[in-house]
Amino acid sequence: MLQRLKKKFMSLKQAEGEIVMKYRDRYGYMRQFAGDLVKNDADDVFYFGDGLKPNIARHIVGTGPCTLQEIYERALAQETYELGREEERAAEGSDYDRRRRGKGQRRWDRGTQRGGAPVAPILAVPYAPHPAPTQTYERAPLPPSTRQALPVPPAPRQQELQGGRDKDRGKDGPR
């Protein structure tokens, strides 16, 4: 009898419609029959994580060493997230979804009359420009060390300005 319960513990899996809390309770009950299979926290985490649904377990596998409580909390958070996503997918095509995405709005929401002429929005807020700044910002004077005159670059050579001979190419300048 005990051997059969050990095998049942080793093959314990979360049922398709079962939530993580119920699986944790069932796991805790079956763990008492595990005996020497679960010697430390790492074994506990392994067997608990091994029994989770694949779509939940794949988000928990690479989380590193942790306790059974941490694995349970992560699985519960992932399950809550997935349930929320399922509700959103179930709302596809419903009135809730159309309102959320702006489809199927009433005419006064859309801002047009029957003939397509634009109508002023009912709940429009008048445009208010930003107030002028109350404080003007001026550039601070430069410190005395940087106010000194910078050296003037040398003037270009007269030959360059008149288009003299280009020594690199061996040709005359502009004609």
# chains A, B, ... in the order shown; residues from 1 in each chain; ligands from 1

$ residues_around --residues "range 41-44 of chain A" --least-positions-apart "2" --cutoff "8 Å" --atoms "only C-alpha atoms" --output "list of chain:residue names"
A:Leu37, A:Val38, A:Lys39, A:Phe46, A:Tyr47, A:Phe48, A:Pro65, A:Cys66, A:Thr67, A:Leu68

$ write_last_selection --atoms "C-alpha atoms" --output "PDB file, in the first residue's frame"
ATOM      1  CA  LEU A  37      11.799  10.458  -1.606  1.00  0.00           C
ATOM      2  CA  VAL A  38      11.725  14.015  -0.264  1.00  0.00           C
ATOM      3  CA  LYS A  39      14.805  14.480   1.893  1.00  0.00           C
ATOM      4  CA  PHE A  46      11.545  19.370  -7.855  1.00  0.00           C
ATOM      5  CA  TYR A  47       8.483  17.191  -7.286  1.00  0.00           C
ATOM      6  CA  PHE A  48       6.141  20.166  -6.885  1.00  0.00           C
ATOM      7  CA  PRO A  65      17.266  27.381  -6.230  1.00  0.00           C
ATOM      8  CA  CYS A  66      14.435  28.476  -3.983  1.00  0.00           C
ATOM      9  CA  THR A  67      11.953  27.150  -1.448  1.00  0.00           C
ATOM     10  CA  LEU A  68       8.630  25.443  -2.014  1.00  0.00           C
TER      11      LEU A  68
END

$ residues_around --residues "Ile19 in chain A" --least-positions-apart "2" --cutoff "12 Å" --atoms "only C-alpha atoms" --output "count of residues only"
23

$ atom_distance --atom1 "CA of Asp50 in chain A" --atom2 "CA of Met10 in chain A"
9.1 Å

$ closest_residue --among "A:Lys8, A:Arg74, A:His59, A:Arg89" --to "Tyr27 in chain A" --atoms "only C-alpha atoms"
A:Lys8

$ atom_distance --atom1 "CA of Phe33 in chain A" --atom2 "CA of Ser11 in chain A"
12.8 Å

$ atom_distance --atom1 "CA of Glu87 in chain A" --atom2 "CA of Val20 in chain A"
17.8 Å

$ closest_residue --among "A:Val45, A:Gly51, A:Gln3, A:Met30" --to "Gly64 in chain A" --atoms "only C-alpha atoms"
A:Val45
